[in-house]
Every structure is written in C-alpha cells, then in structure tokens.
Amino acid sequence: MNDFDLELNRRLDEIRAQGLHRQLRRVDSPQSPRIRIAGKELLNFSSNDYLGLANHPALKEAAIKAVEQFGAGSGASRLICGSLAPHHELEDALAEFKKTEAALTFSSGYAAAIGTICALVGKNDIIALDKLVHASIVDAARLSGGSRRHTPENIDRDRKCFLHGRRSRTAP
C-alpha cells in the first residue's frame, strides 16, 4: 500500500472511531412510514415525504402515464434540450395556486438554494445566516461570492452593527 492509501485509511479509521462514518443503506421497499432494510421492517423517521405522496397510487399512475408519453428523462437540462410540457404545466399550476406571475421548480432543495441564492446575491451583498441554517444554504452563500455574516442572538436589537461587522455595545 502506498503513502496516499495509508493516509486515506488512517482518516477513515478516525472517522469510524468518532462514529461519523456513513454508508448508503439499501431499501427493499417503497418509501413509506415503514421500510424494509436487510430483511427487517423498520419505522422510517428520516424521510422528507411528509405528506406520504412518494407512494400514493394517484401519483404513481400519473408518473407511469408521463413516462409513457414523455420517456424516462429529459436528455439534458431544461435550458439545453428544452423544457417538457409537464414542467410548464406544473409551474403554471403552482403560479396560479400562489397567485403570482410565475413559478420555477428545481429538482431538489439543494438545487433551489444554489440556483436562487447565486442568481440574487453578488460580491457586494451581505448574506445573514442563522447558525442552524441548512448546509445547502451555506454552500449557496459561499458560491454566490457575497459576504457571509452569522446572525448573533440580538440581531433584531442592533442590525446596523451586525451588517457592518461590528460588535454591538449591547452584545455580550
């Protein structure tokens, strides 16, 4: 084994020793409140399927119809190959529901954070980040080029000092 491999193994051993090693788990069932992993039925407390729609019969039927009509993928990004009719129909319906001029959908929360924050924030802007904000927001803030400030507890009491990067006289 070369030095590089030895160093990688040493780092992995450290991660394992700290209980931070993560692995993909094979799920052998549809997403639902109960899932099957390694032959065991388990309660699923980690899903983002809050409304239970991932395995809803009406959505499965609609997905099958969409695949039959439009295929299993768009071929490339919407800007490169064009935007499929179902995307436009969804965005039009969302805009109407929200009573707004338009809506834009993204493939994930991460893509939405990167796409919107990087489009709206430039190098002369300041981004106020709560210390518990999702990692996707932190990544987007970094990529945007804007200055990042992590919000102190008393930001409402003294925003001016916060935005200029100074400590408030009232801050501890």
# chains A, B, ... in the order shown; residues from 1 in each chain; ligands from 1
>>> residues_around(residues="Ile35 of chain A", least_positions_apart="6", cutoff="12 Å", atoms="only C-alpha atoms", output="count of residues only")
13
>>> select_by_dssp(residues="segment 62-172 of chain A", states="strand (DSSP E)", output="list in words")
Ile126, Ile127, Ala128, Leu129, Ser147, Arg148, Arg149 and His150 of chain A
>>> write_last_selection(atoms="C-alpha atoms", output="short mmCIF file (atom, residue, chain, number, x, y, z; two decimals), in the first residue's frame")
data_model
loop_
_atom_site.label_atom_id
_atom_site.label_comp_id
_atom_site.auth_asym_id
_atom_site.auth_seq_id
_atom_site.Cartn_x
_atom_site.Cartn_y
_atom_site.Cartn_z
CA ILE A 126 -24.20 40.57 2.59
CA ILE A 127 -25.91 37.31 3.48
CA ALA A 128 -27.15 36.88 7.04
CA LEU A 129 -27.06 33.21 8.01
CA SER A 147 -20.07 38.35 2.35
CA ARG A 148 -21.45 35.95 4.94
CA ARG A 149 -22.40 37.00 8.44
CA HIS A 150 -23.67 34.58 11.03
#
>>> atom_distance(atom1="atom CA of Ser144 of chain A", atom2="atom CA of Ala111 of chain A")
13.4 Å
>>> select_by_dssp(residues="chain A", states="helix (DSSP H, G or I)", output="ChimeraX atom specification")
/A:3-17,57-70,78-81,85-98,109-120,135-144,159-163
>>> atom_distance(atom1="atom CA of Ala93 of chain A", atom2="atom CA of Val133 of chain A")
29.3 Å
>>> closest_residue(among="A:Tyr50, A:Arg16, A:Ile80, A:Pro86", to="Ala66 of chain A", atoms="only C-alpha atoms")
A:Pro86
>>> atom_distance(atom1="atom CA of Leu59 of chain A", atom2="atom CA of Leu104 of chain A")
20.4 Å
